[in-house]
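Working notes for the structure below.
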Amino acid sequence: MDAFFVSVEELFDPSLKGKPVVVGGKHDERGVVSAASYAARKFGVHSAMPLRTAYQKCPQAIFVPGHPERYKEYSGRVYEILQRFSPRVEMASIDEAYLDMTGTERLLGSPLQAAHKLHQEVKAATNLNCSIGIASSRLVAKISSDQAKPNGVLYILPGLEASFLAPLAVAKIPGVGKVMNQKLQEIGIRRIGDLAAMEERDLERRFGKWGLALAGKAHGEDAGGWFDSEIGERSDPKSISHEHTFGEDTRDPVRLEATLTHLSEKVARRLREHGFRTRTVQLKLRYSDFTTITRAQTLPEPTQLDIDLAEASRKLFHDHWNSRQTVRLLGVHISGFTADETQGNLLDGGRSERWRNALEAADKLRDKFGESAVGLGSGMRGHYRERVQENPAALPGKAPQKPA
Amino acid sequence: MATATKDTIPAHGVDFRAVTQSAPHFSVDRDALVRELSLAIGAVERRTTIPILGNVKLEASDFGHLSITATDLEICLYCRCDAEVKKPGAATLPAKRLLDYVRLLPAGSLDIKFGDTQWASITAGRSKMRIAGMSVESYPYVPTSGNAICSVPLKALARLIGRVSYAISMQESRFTLNGALLETGDTGLKMVATDGHRLTLAEMGGSGIPAKNLIPRKALVELNRLAGAVPLDAVVEIATDDNHLFFTVGDRILAARRLIGNFPEYERVIPKGFTGCAIFNRLALRDGLQRVRGFADERSRAIKVAIGNGQVSASAQALETGEAEDVVSAETSGEVTIGFNAEYLIDFLGSTEAEKVALSFADEKSAMQLSPVGDGDSRYVCVVMPLRI
């Protein structure tokens, strides 16, 4: 999707069109840019940049708060369309997806025809622009869709991948960030073609396994990283976490506890969506001076209940919080998953059964009326405005963001 | 050299106190040694990290006894047989290696002589062997006697154990469920076990001092083994101290560390209001379930049991494997379809000899109860929580 968050905001407020827009919050708020319009990007504003820096670079930009529920709604609509084009869809993030088009020629025609049809249908259903890259691998498809922006379709014919990639900067390769780019520049590699000319063994010696993956990528292969699985293959999460940075650092125990409860509710909800139970709860606590501690606890029995996680994280917090210091960030992280139990429990007096029923109802309400529709009373004061990254740095959120 | 006089022998009539620290020398009958060692070895940890626990302690006393002690620190077995003691003393030898060797010897007497260096020479006929032991001083001490709470026939107790022990939890997170509760009182003995998914309760006649004790699973296993090695009329005396339980059967004593903690209030768990019941042939359903379980989901072992209209049917389906169904005729009242872990039902059906059993239920979400029909008047129930299907 092209400038997804901004485009969605424009749908709700057409006056934003064509202007420099920054999504993420007020210009003097703590926090980072979630997305910037093309007009704002010209001033050097990009996502993940602190809002205050963005304001310095582009004071005339219009700063709007993010609306995660809107983005999820539109992402869901797009997902529905994608599913009509291929049974194998992999949502790489809220606004990016891979489709495996193998075997769809008789139904949808040539790749280019199919892509144009998809492009039109997305536009018709959402009034949003997108760009499509077509290639024999996810890597080349992603890079070509970047090259196709805005609002374009680019088809890299099989066999021409290497010559398409060769003139592009190495930073175009997903996974090559600031640090890697710097290292490559140091050894004189600027373009993907330079990289492709390197000996594989040389790269492996220099950068280890990642060097090998890099060599593959330079040749246009889906090598390493999040390209390891098949398109559309569900990989189960190993851990789930949520964290929150306070607008202002706090040492108000009620507020801190409420935030932990709320974070626990959020991780528990995702845990239930995946049909798991968890055994390990970890607290992340960052003080105003940025010292950060993490403390974990293993539960006596696997659970998927909000209250169990909230209780464990609150206990961890009280055991380890130095109450003279103000807190900047809290996070709840769970891991050690086991499959959900279908066996009834004889000894808990029906507690887990009652909670299961209550949470099932609560989850239905959340599906229908949004995440804040219902929650634990003790977490009420812990609600915060959710932030969403357009292109999260650490990708692989392969399951679609809950289609609305 | 320390010697014991008759009047210091404890109530059990066995004196297991350290006789001496000097190297013993004695002759013992091969069959008797094999018999007692085989029993004692049940308490020897197979993969122990504490080397001395892989050994048995051998004590030759002035009374003409050889005492054999084995422990893993959780349970301890004391056994005894007659011996011709040439020099009293105590020593230890590797349990398994010793048993493996003497088991292969022909019947007859064998001579065991310890030197001063922990080594023992074993001579039997024309066979000779030398084996390294470990210092007896580092062998742990476990007490052997406490306050008696009751005496019952061992075979009857073993029967009680067989009825409840399969429900003991294998999960170590709730350690009080890793054993069975033994309740003694004026009206008899009661044993209860549960793993949180099912609960078994069995009673037997007898009388004792009112007490509740949690017996660890391993002790129950060893009691069962002891029961197999004694005459039909053998009696077990049960005694306790603050930390231990003692089961004395003739010359043998099983000591076990008591599990300390809260056992669930089991009477509350046993369901009261049933809406229906089915009575059927025990073996017919057991055989049917054994056929069907091969098609149950491997993890949950889920089978579907449908009761009503004069029959009980058990069925299972695995998406990629296939499906199976078995039907048993029954006297039924009420109707229900419930999901169960097949193993839980099979465990119960294999734990009683009754020809017929009764299954009482309320609805598909509530615990149901299994019990033998016409199996004397001692109570035996197995309560099983259903699976959501």
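We label chains A, B, ... in the order they appear in the structure tokens, count residues from 1 in each chain, and number ligands from 1 in the order shown.
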
- Message: Please list as number ranges by chain every residue within 12 Å of Pro372 of chain B, counting only C-alpha atoms and excluding residues in the same chain fewer than 4 positions away.
- Response: B: 163, 202, 278-283, 348-360, 376-382

Include N, CA and C atoms and write out the residues we just selected as a PDB file, in the first residue's frame.
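Okay, this is what ended up in again-v9.pdb:
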ATOM      1  N   ARG B 163      -6.409 -49.700  43.035  1.00  0.00           N
ATOM      2  CA  ARG B 163      -7.620 -48.997  42.629  1.00  0.00           C
ATOM      3  C   ARG B 163      -7.429 -47.492  42.525  1.00  0.00           C
ATOM      4  N   ALA B 202     -11.034 -45.146  47.114  1.00  0.00           N
ATOM      5  CA  ALA B 202     -11.377 -46.525  47.441  1.00  0.00           C
ATOM      6  C   ALA B 202     -11.292 -46.704  48.950  1.00  0.00           C
ATOM      7  N   ALA B 278     -25.664 -45.375  33.198  1.00  0.00           N
ATOM      8  CA  ALA B 278     -25.607 -46.544  32.318  1.00  0.00           C
ATOM      9  C   ALA B 278     -24.874 -47.653  33.052  1.00  0.00           C
ATOM     10  N   ILE B 279     -25.433 -48.872  32.964  1.00  0.00           N
ATOM     11  CA  ILE B 279     -24.769 -50.028  33.580  1.00  0.00           C
ATOM     12  C   ILE B 279     -24.458 -51.014  32.452  1.00  0.00           C
ATOM     13  N   PHE B 280     -23.208 -51.426  32.364  1.00  0.00           N
ATOM     14  CA  PHE B 280     -22.816 -52.260  31.228  1.00  0.00           C
ATOM     15  C   PHE B 280     -21.718 -53.227  31.635  1.00  0.00           C
ATOM     16  N   ASN B 281     -21.427 -54.177  30.731  1.00  0.00           N
ATOM     17  CA  ASN B 281     -20.373 -55.154  30.980  1.00  0.00           C
ATOM     18  C   ASN B 281     -19.007 -54.478  30.894  1.00  0.00           C
ATOM     19  N   ARG B 282     -18.226 -54.643  31.950  1.00  0.00           N
ATOM     20  CA  ARG B 282     -16.938 -53.947  32.045  1.00  0.00           C
ATOM     21  C   ARG B 282     -15.985 -54.333  30.908  1.00  0.00           C
ATOM     22  N   LEU B 283     -15.818 -55.648  30.684  1.00  0.00           N
ATOM     23  CA  LEU B 283     -14.835 -56.074  29.693  1.00  0.00           C
ATOM     24  C   LEU B 283     -15.255 -55.697  28.278  1.00  0.00           C
ATOM     25  N   PHE B 348      -9.644 -47.118  34.566  1.00  0.00           N
ATOM     26  CA  PHE B 348     -10.622 -47.554  35.563  1.00  0.00           C
ATOM     27  C   PHE B 348     -11.109 -48.972  35.266  1.00  0.00           C
ATOM     28  N   LEU B 349     -11.451 -49.219  34.017  1.00  0.00           N
ATOM     29  CA  LEU B 349     -12.035 -50.520  33.674  1.00  0.00           C
ATOM     30  C   LEU B 349     -11.058 -51.664  33.920  1.00  0.00           C
ATOM     31  N   GLY B 350      -9.769 -51.357  33.946  1.00  0.00           N
ATOM     32  CA  GLY B 350      -8.773 -52.384  34.215  1.00  0.00           C
ATOM     33  C   GLY B 350      -8.447 -52.509  35.695  1.00  0.00           C
ATOM     34  N   SER B 351      -9.032 -51.658  36.533  1.00  0.00           N
ATOM     35  CA  SER B 351      -8.623 -51.615  37.943  1.00  0.00           C
ATOM     36  C   SER B 351      -9.596 -52.352  38.863  1.00  0.00           C
ATOM     37  N   THR B 352     -10.627 -52.970  38.314  1.00  0.00           N
ATOM     38  CA  THR B 352     -11.594 -53.689  39.133  1.00  0.00           C
ATOM     39  C   THR B 352     -11.870 -55.038  38.475  1.00  0.00           C
ATOM     40  N   GLU B 353     -12.375 -55.983  39.270  1.00  0.00           N
ATOM     41  CA  GLU B 353     -12.692 -57.289  38.696  1.00  0.00           C
ATOM     42  C   GLU B 353     -14.190 -57.430  38.470  1.00  0.00           C
ATOM     43  N   ALA B 354     -14.963 -56.438  38.867  1.00  0.00           N
ATOM     44  CA  ALA B 354     -16.417 -56.557  38.783  1.00  0.00           C
ATOM     45  C   ALA B 354     -16.867 -56.866  37.362  1.00  0.00           C
ATOM     46  N   GLU B 355     -17.959 -57.628  37.256  1.00  0.00           N
ATOM     47  CA  GLU B 355     -18.458 -57.951  35.927  1.00  0.00           C
ATOM     48  C   GLU B 355     -19.097 -56.737  35.282  1.00  0.00           C
ATOM     49  N   LYS B 356     -19.832 -55.985  36.112  1.00  0.00           N
ATOM     50  CA  LYS B 356     -20.523 -54.812  35.565  1.00  0.00           C
ATOM     51  C   LYS B 356     -20.077 -53.542  36.260  1.00  0.00           C
ATOM     52  N   VAL B 357     -20.100 -52.465  35.514  1.00  0.00           N
ATOM     53  CA  VAL B 357     -19.787 -51.171  36.121  1.00  0.00           C
ATOM     54  C   VAL B 357     -20.886 -50.175  35.767  1.00  0.00           C
ATOM     55  N   ALA B 358     -20.999 -49.128  36.602  1.00  0.00           N
ATOM     56  CA  ALA B 358     -22.006 -48.090  36.372  1.00  0.00           C
ATOM     57  C   ALA B 358     -21.317 -46.775  36.077  1.00  0.00           C
ATOM     58  N   LEU B 359     -21.872 -46.058  35.099  1.00  0.00           N
ATOM     59  CA  LEU B 359     -21.365 -44.739  34.742  1.00  0.00           C
ATOM     60  C   LEU B 359     -22.500 -43.754  34.999  1.00  0.00           C
ATOM     61  N   SER B 360     -22.301 -42.823  35.933  1.00  0.00           N
ATOM     62  CA  SER B 360     -23.342 -41.836  36.247  1.00  0.00           C
ATOM     63  C   SER B 360     -22.919 -40.482  35.733  1.00  0.00           C
ATOM     64  N   GLY B 376     -18.994 -56.276  46.413  1.00  0.00           N
ATOM     65  CA  GLY B 376     -18.890 -56.153  47.867  1.00  0.00           C
ATOM     66  C   GLY B 376     -19.467 -54.816  48.297  1.00  0.00           C
ATOM     67  N   ASP B 377     -19.236 -54.437  49.549  1.00  0.00           N
ATOM     68  CA  ASP B 377     -19.840 -53.184  49.984  1.00  0.00           C
ATOM     69  C   ASP B 377     -18.808 -52.080  50.184  1.00  0.00           C
ATOM     70  N   SER B 378     -17.513 -52.348  49.878  1.00  0.00           N
ATOM     71  CA  SER B 378     -16.534 -51.280  50.051  1.00  0.00           C
ATOM     72  C   SER B 378     -16.597 -50.325  48.862  1.00  0.00           C
ATOM     73  N   ARG B 379     -16.569 -49.061  49.223  1.00  0.00           N
ATOM     74  CA  ARG B 379     -16.783 -48.027  48.216  1.00  0.00           C
ATOM     75  C   ARG B 379     -15.571 -47.899  47.275  1.00  0.00           C
ATOM     76  N   TYR B 380     -15.831 -47.776  45.998  1.00  0.00           N
ATOM     77  CA  TYR B 380     -14.775 -47.496  45.026  1.00  0.00           C
ATOM     78  C   TYR B 380     -15.369 -46.658  43.898  1.00  0.00           C
ATOM     79  N   VAL B 381     -14.903 -45.428  43.765  1.00  0.00           N
ATOM     80  CA  VAL B 381     -15.395 -44.581  42.668  1.00  0.00           C
ATOM     81  C   VAL B 381     -14.216 -43.944  41.937  1.00  0.00           C
ATOM     82  N   CYS B 382     -14.462 -43.676  40.670  1.00  0.00           N
ATOM     83  CA  CYS B 382     -13.490 -42.951  39.851  1.00  0.00           C
ATOM     84  C   CYS B 382     -14.255 -41.813  39.183  1.00  0.00           C
TER      85      CYS B 382
END

- Task: Name all residues at most 8 Å from His46 of chain A (count only C-alpha atoms; drop same-chain ones fewer than 3 positions away) and give them as a PyMOL selection string.
- Result: chain A and resi 33+35-36+41+49+54

- Query: Pick from A:Leu195, A:Leu11, A:Leu299, A:Ala361: nearest to chain B, with only C-alpha atoms counted?
  - Reply: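 Smallest distance to chain B is found for A:Leu299.
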
- Item | Within 7 Å of chain B: residues of chain A, using only C-alpha atoms, as a ChimeraX atom specification | /A:300,342-347

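Excluding Phe295 of chain B itself and any same-chain residue fewer than 5 positions from it, the protein and nucleic acid residues within 9 Å of it, counting only C-alpha atoms, are Arg301, Ile303, Ser315, Ala316, Gln317, Ala318, Thr321, Gly322, Glu323 and Ala324 of chain B.
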
- What residues in segment 162-245 of chain A get the DSSP label strand (DSSP E)? Please answer as a ChimeraX atom specification. /A:239-245

- Proximity to Asn213 of chain B - best of B:Thr92, B:Ser109, B:Thr184, B:Ser313, only C-alpha atoms: B:Thr184

What's the 10 Å shell around Ala196 of chain A, counting only C-alpha atoms, without same-chain residues fewer than 5 positions away, as a compact mmCIF listing (two decimals) with N, CA and C atoms, in the first residue's frame?
# COMPACT_ATOMS: atom_id res chain seq x y z
N ALA A 162 18.76 -10.56 -11.89
CA ALA A 162 20.09 -10.04 -11.55
C ALA A 162 20.32 -8.69 -12.21
N LEU A 165 18.40 -6.01 -10.35
CA LEU A 165 18.92 -5.66 -9.03
C LEU A 165 20.26 -4.93 -9.11
N ALA A 166 21.08 -5.30 -10.10
CA ALA A 166 22.47 -4.84 -10.14
C ALA A 166 22.66 -3.34 -9.90
N ILE A 189 31.30 -1.89 -1.43
CA ILE A 189 30.10 -2.41 -2.07
C ILE A 189 28.98 -1.38 -1.95
N ARG A 191 26.37 -1.07 -4.76
CA ARG A 191 25.19 -1.52 -5.49
C ARG A 191 25.04 -3.04 -5.32
N LEU A 214 23.01 -13.05 2.32
CA LEU A 214 23.18 -11.83 1.55
C LEU A 214 23.58 -12.14 0.11
N ALA A 215 24.49 -13.12 -0.03
CA ALA A 215 24.93 -13.52 -1.37
C ALA A 215 23.73 -14.03 -2.17
N GLY A 216 22.90 -14.85 -1.51
CA GLY A 216 21.70 -15.35 -2.18
C GLY A 216 20.78 -14.22 -2.59
N LYS A 217 20.62 -13.27 -1.69
CA LYS A 217 19.72 -12.16 -1.96
C LYS A 217 20.22 -11.31 -3.13
N ALA A 218 21.53 -11.16 -3.20
CA ALA A 218 22.10 -10.36 -4.29
C ALA A 218 21.78 -10.99 -5.64
N HIS A 219 21.54 -12.32 -5.63
CA HIS A 219 21.17 -13.00 -6.87
C HIS A 219 19.67 -13.12 -7.03
N GLY A 220 18.94 -12.51 -6.11
CA GLY A 220 17.49 -12.49 -6.25
C GLY A 220 16.78 -13.69 -5.66

- Message: What's the separation between atom CA of Ile94 of chain A and atom CA of Thr303 of chain A, in Å to one decimal place?
- Response: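 Pair atom CA of Ile94 of chain A / atom CA of Thr303 of chain A returns 28.5 Å.
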
Would you mind listing what lies within 9 Å of Phe4 of chain A as a short mmCIF file (atom, residue, chain, number, x, y, z; two decimals) with N, CA, C and O atoms, in the first residue's frame, with only C-alpha atoms counted and same-chain residues fewer than 3 positions away left out?
data_model
loop_
_atom_site.label_atom_id
_atom_site.label_comp_id
_atom_site.auth_asym_id
_atom_site.auth_seq_id
_atom_site.Cartn_x
_atom_site.Cartn_y
_atom_site.Cartn_z
N MET A 1 0.86 -1.17 0.00
CA MET A 1 0.00 0.00 0.00
C MET A 1 0.91 1.23 0.00
O MET A 1 1.93 1.27 0.65
N SER A 7 -2.64 7.74 3.62
CA SER A 7 -3.74 7.62 2.65
C SER A 7 -5.06 7.35 3.36
O SER A 7 -6.10 7.88 2.98
N VAL A 8 -5.01 6.52 4.41
CA VAL A 8 -6.24 6.24 5.15
C VAL A 8 -6.71 7.52 5.84
O VAL A 8 -7.90 7.85 5.82
N GLU A 9 -5.78 8.26 6.43
CA GLU A 9 -6.17 9.52 7.09
C GLU A 9 -6.80 10.47 6.09
O GLU A 9 -7.75 11.20 6.40
N ALA A 35 4.13 7.22 10.24
CA ALA A 35 4.16 7.30 8.78
C ALA A 35 4.20 8.76 8.38
O ALA A 35 3.73 9.64 9.11
N SER A 37 3.64 11.44 4.82
CA SER A 37 3.17 11.52 3.43
C SER A 37 4.37 11.78 2.53
O SER A 37 5.43 12.20 2.98
N TYR A 71 -6.65 1.56 10.42
CA TYR A 71 -5.68 0.88 9.56
C TYR A 71 -5.95 -0.61 9.52
O TYR A 71 -5.83 -1.26 8.48
N ILE A 94 1.21 -4.75 8.25
CA ILE A 94 -0.18 -4.30 8.11
C ILE A 94 -0.48 -3.84 6.68
O ILE A 94 -1.61 -3.90 6.22
N ASP A 95 0.54 -3.42 5.94
CA ASP A 95 0.28 -2.90 4.59
C ASP A 95 1.13 -3.55 3.50
O ASP A 95 1.34 -2.98 2.45
N LEU A 128 -7.84 3.29 -2.16
CA LEU A 128 -6.44 3.50 -1.78
C LEU A 128 -5.54 3.02 -2.92
O LEU A 128 -5.89 2.10 -3.66
N ASN A 129 -4.37 3.67 -3.02
CA ASN A 129 -3.41 3.24 -4.03
C ASN A 129 -2.47 2.19 -3.47
O ASN A 129 -2.12 2.23 -2.29
N CYS A 130 -2.08 1.28 -4.36
CA CYS A 130 -1.06 0.33 -3.95
C CYS A 130 -0.08 0.14 -5.08
O CYS A 130 -0.34 0.55 -6.21
N GLU A 390 4.01 1.45 10.38
CA GLU A 390 3.62 1.09 9.03
C GLU A 390 4.51 -0.06 8.52
O GLU A 390 4.04 -1.04 7.99
#

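For the choices A:Ala339, A:Lys364, A:Leu203, A:Asp2, the atom-to-atom distance to Ile187 of chain A is smallest for A:Leu203 when using only C-alpha atoms.
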
- Rounded to one decimal place, report the atom CA of Ala156 of chain B-atom CA of Asn224 of chain B distance in Å.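 Taking atom CA of Ala156 of chain B as the start and atom CA of Asn224 of chain B as the end point, the length is 10.4 Å.
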
- Query: Excluding same-chain residues fewer than 4 positions from segment 131-134 of chain B, what lies within 10 Å of it counting only C-alpha atoms, as a list in words?
  - Reply: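 Non-adjacent residues within range: Pro51, Ile52, Asn55, Val56, Lys57, Ala91, Thr92, Leu93, Pro94, Ala95, Arg97, Leu98, Phe114, Thr117, Gln118, Trp119, Ala120, Ser121, Ile122, Ser138 and Tyr139 of chain B.
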
- Message: Quick one: residues within 8 Å of segment 116-120 of chain A, only C-alpha atoms, excluding same-chain residues fewer than 3 positions away - as a ChimeraX atom specification?
- Response: /A:81-82,85,112-113,123-124,129-132,153

Output C-alpha atoms for every residue in that selection, as a tab-separated table (two decimals), in the first residue's frame.
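Result file follows (out_3.tsv):
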chain	number	residue	atom	x	y	z
A	81	ILE	CA	-9.44	-9.06	-1.82
A	82	LEU	CA	-6.03	-10.73	-1.80
A	85	PHE	CA	-6.55	-13.93	-5.97
A	112	LEU	CA	0.65	-8.79	-15.44
A	113	GLN	CA	-3.07	-9.11	-16.17
A	123	LYS	CA	-8.68	0.79	-5.57
A	124	ALA	CA	-12.38	0.06	-6.07
A	129	ASN	CA	-3.41	3.24	-4.03
A	130	CYS	CA	-1.06	0.33	-3.95
A	131	SER	CA	2.02	-0.80	-5.83
A	132	ILE	CA	2.66	-4.31	-7.04
A	153	VAL	CA	2.93	-2.31	-11.29
